[in-house]
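Everything on this sheet refers to the single structure shown next.
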Amino acid sequence: MSEHKPSATGADTPTAPVPGAPPLLPAPRFTERRALGMSGLPFMLLALVVIAGGVALIALGGTSANKEPSAGATAVILVGVLIVLCALVTLFGLTQVAPGEARVTQLFGRYQGTIRQDGLRWVNPFTRRRKISTRLRNHETAVLKVNDAYGNPIELAAVVVWQVEDTAQAVFAVDNFVRFVGIQTDTAVRHIATNYPYDAHDGDSLSLRGNAEQITEQLSQEIAVRVGSAGVKIIESRFTHLAYAPEIASAMLQRQQAGAIVAARQTIVDGAVGMVESALARITEQGIVELDEERKASMVSNLLVVLCGDRAAQPVLNTGTLYQ
C-alpha cells in the first residue's frame with residue numbers, strides 16, 4: 001500500500017495552480033497491487049474431497065452410534081461435521097473472474113489487493129470482493145451550451161473513451177468513479193470551449209472548428225489530469241457536435257457567407273489582374289496596336305468588368321474612335 005506522506009513541516013505543501021490550468025488533485029493514498037490467492041480449480045476439488053471425507057466420518061459415527069452408543073462415536077460425528085463446515089467455509093473463497101474484469105478485495109475494511117487473472121481463483125473467504133470492469137468504456141456528454149472565447153454562445157458535445165487503469169484508486173479515491181469521469185469530462189469540455197473561439201477571425205489562432213485535432217488532443221490531456229487520481233486512463237476524445245447556438249446561428253451563417261464571398265472575390269480579382277497584365281504584355285510584345293496610357297486604362301477597365309462581373313458581358317460596337 002502506498003500512502004501519501006506529509007512534508008517535513010508536518011503539513012502538505014501543494015504547488016500553486018497555474019491560472020487557466022486544470023486543478024491540482026490530491027495524490028492517491030492507495031495504488032493497485034496483486035492480491036494473494038491461488039488457482040481455484042485444484043482447491044475446489046480438494047475441498048470436495050475433504051467434504052466427502054467429512055460426510056464419510058459422519059456416516060461412520062452414525063453407524064457406530066446405532067450399534068453401540070458411545071462417546072467415541074459422538075466424537076467422530078462432531079469431527080466429521082466440523083470438517084464439512086470448514087470445507088464449506090473455505091469454498092466461499094472461490095471467485096470467478098471474467099476477461100476484462102477485476103476483483104478488489106478487502107479484509108475487515110483494509111485493502112488486500114486486486115485479482116486481475118481471469119478464471120476461477122481462490123482467496124481468503126472472509127474478504128469482500130468488489131467487481132470492477134476494466135473494459136473500454138464510452139462517455140458521451142450531453143449537448144452543452146457555453147460561450148466561446150469571443151463570447152458567442154455555442155453548442156458542443158464530446159465523446160470520451162476511457163478505461164480503469166488502477167482499480168484501487170477507482171474504488172477508494174472517489175465515491176463513484178463512473179459519475180466522477182462524467183462530471184469531470186463535462187467540466188473539461190466547458191473549460192476548453194471557453195478558451196478558444198468557434199472560428200478564428202484573424203485566421204492565425206486556434207479555433208474549435210478549424211483546429212479540431214489540436215483542440216481534442218488538449219481536451220484529452222485535460223480530462224486525463226482531472227481523472228488521473230481516480231485511476232482512470234483516457235484513450236481518446238472527440239467532438240460529436242459543434243454549432244452556434246440557435247439565437248445567433250442565422251447571423252453567423254450570414255457572416256460565414258460574407259467571408260466566403262469576399263474570399264472568392266479576392267481570388268477572382270487576383271486572377272483578373274494577372275490576365276489583364278498578361279494581355280497588355282502580349283499586345284505590346286506583338287505590336288498588335290499602339291496603346292497610349294488613356295487607351296490602356298480604358299482596356300484595363302473593360303477587361304476587369306468582363307472578368308470580374310457576375311453576368312455575361314454584352315459587346316458594344318464602337319463605330320467611332322475612343323475620343324469621339
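Note on naming: chains are A, B, ... as they come in the C-alpha cells, residues start from 1 per chain, ligands start from 1 in the order shown.
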
Backbone-only DSSP, helix (DSSP H, G or I) members of stretch 62-298 of chain A, as a count of residues only: 118

From a backbone DSSP assignment, name each residue in stretch 168-253 of chain A labelled strand (DSSP E), as a PDB file with N, CA and C atoms, in the first residue's frame.
```
ATOM      1  N   VAL A 232      -8.088   6.345 -13.662  1.00  0.00           N
ATOM      2  CA  VAL A 232      -8.702   6.220 -14.977  1.00  0.00           C
ATOM      3  C   VAL A 232      -7.727   6.709 -16.039  1.00  0.00           C
ATOM      4  N   LYS A 233      -7.658   5.978 -17.150  1.00  0.00           N
ATOM      5  CA  LYS A 233      -6.808   6.357 -18.283  1.00  0.00           C
ATOM      6  C   LYS A 233      -7.701   6.768 -19.441  1.00  0.00           C
ATOM      7  N   ILE A 234      -7.393   7.927 -20.039  1.00  0.00           N
ATOM      8  CA  ILE A 234      -8.149   8.432 -21.179  1.00  0.00           C
ATOM      9  C   ILE A 234      -7.493   7.927 -22.460  1.00  0.00           C
ATOM     10  N   ILE A 235      -8.270   7.254 -23.291  1.00  0.00           N
ATOM     11  CA  ILE A 235      -7.765   6.723 -24.550  1.00  0.00           C
ATOM     12  C   ILE A 235      -7.877   7.754 -25.668  1.00  0.00           C
ATOM     13  N   GLU A 236      -9.054   8.353 -25.803  1.00  0.00           N
ATOM     14  CA  GLU A 236      -9.291   9.293 -26.900  1.00  0.00           C
ATOM     15  C   GLU A 236     -10.506  10.138 -26.563  1.00  0.00           C
ATOM     16  N   SER A 237     -10.568  11.332 -27.156  1.00  0.00           N
ATOM     17  CA  SER A 237     -11.751  12.186 -27.042  1.00  0.00           C
ATOM     18  C   SER A 237     -11.993  12.853 -28.385  1.00  0.00           C
ATOM     19  N   ARG A 238     -13.268  13.060 -28.715  1.00  0.00           N
ATOM     20  CA  ARG A 238     -13.652  13.666 -29.987  1.00  0.00           C
ATOM     21  C   ARG A 238     -14.915  14.501 -29.769  1.00  0.00           C
ATOM     22  N   PHE A 239     -15.010  15.607 -30.539  1.00  0.00           N
ATOM     23  CA  PHE A 239     -16.240  16.388 -30.547  1.00  0.00           C
ATOM     24  C   PHE A 239     -17.253  15.681 -31.447  1.00  0.00           C
ATOM     25  N   THR A 240     -18.459  15.492 -30.930  1.00  0.00           N
ATOM     26  CA  THR A 240     -19.530  14.886 -31.716  1.00  0.00           C
ATOM     27  C   THR A 240     -20.549  15.910 -32.191  1.00  0.00           C
ATOM     28  N   HIS A 241     -20.545  17.093 -31.608  1.00  0.00           N
ATOM     29  CA  HIS A 241     -21.482  18.142 -32.012  1.00  0.00           C
ATOM     30  C   HIS A 241     -20.810  19.480 -31.759  1.00  0.00           C
ATOM     31  N   LEU A 242     -20.852  20.344 -32.758  1.00  0.00           N
ATOM     32  CA  LEU A 242     -20.263  21.679 -32.635  1.00  0.00           C
ATOM     33  C   LEU A 242     -21.029  22.613 -33.558  1.00  0.00           C
ATOM     34  N   ALA A 243     -21.690  23.595 -32.978  1.00  0.00           N
ATOM     35  CA  ALA A 243     -22.503  24.526 -33.772  1.00  0.00           C
ATOM     36  C   ALA A 243     -22.759  25.773 -32.944  1.00  0.00           C
ATOM     37  N   TYR A 244     -23.107  26.865 -33.656  1.00  0.00           N
ATOM     38  CA  TYR A 244     -23.542  28.066 -32.961  1.00  0.00           C
ATOM     39  C   TYR A 244     -24.906  27.817 -32.325  1.00  0.00           C
TER      40      TYR A 244
END
```

Just want the 12 Å neighbourhood of A:Thr63, counted on only C-alpha atoms, with same-chain residues fewer than 5 positions away dropped. Output as a PyMOL selection string. chain A and resi 56-58+68-70+72-74+76-77

Among the residues A:Ile223, A:Ile268, A:Leu144, A:Met299, the one that comes closest to A:Ile283 [using only C-alpha atoms]: A:Met299
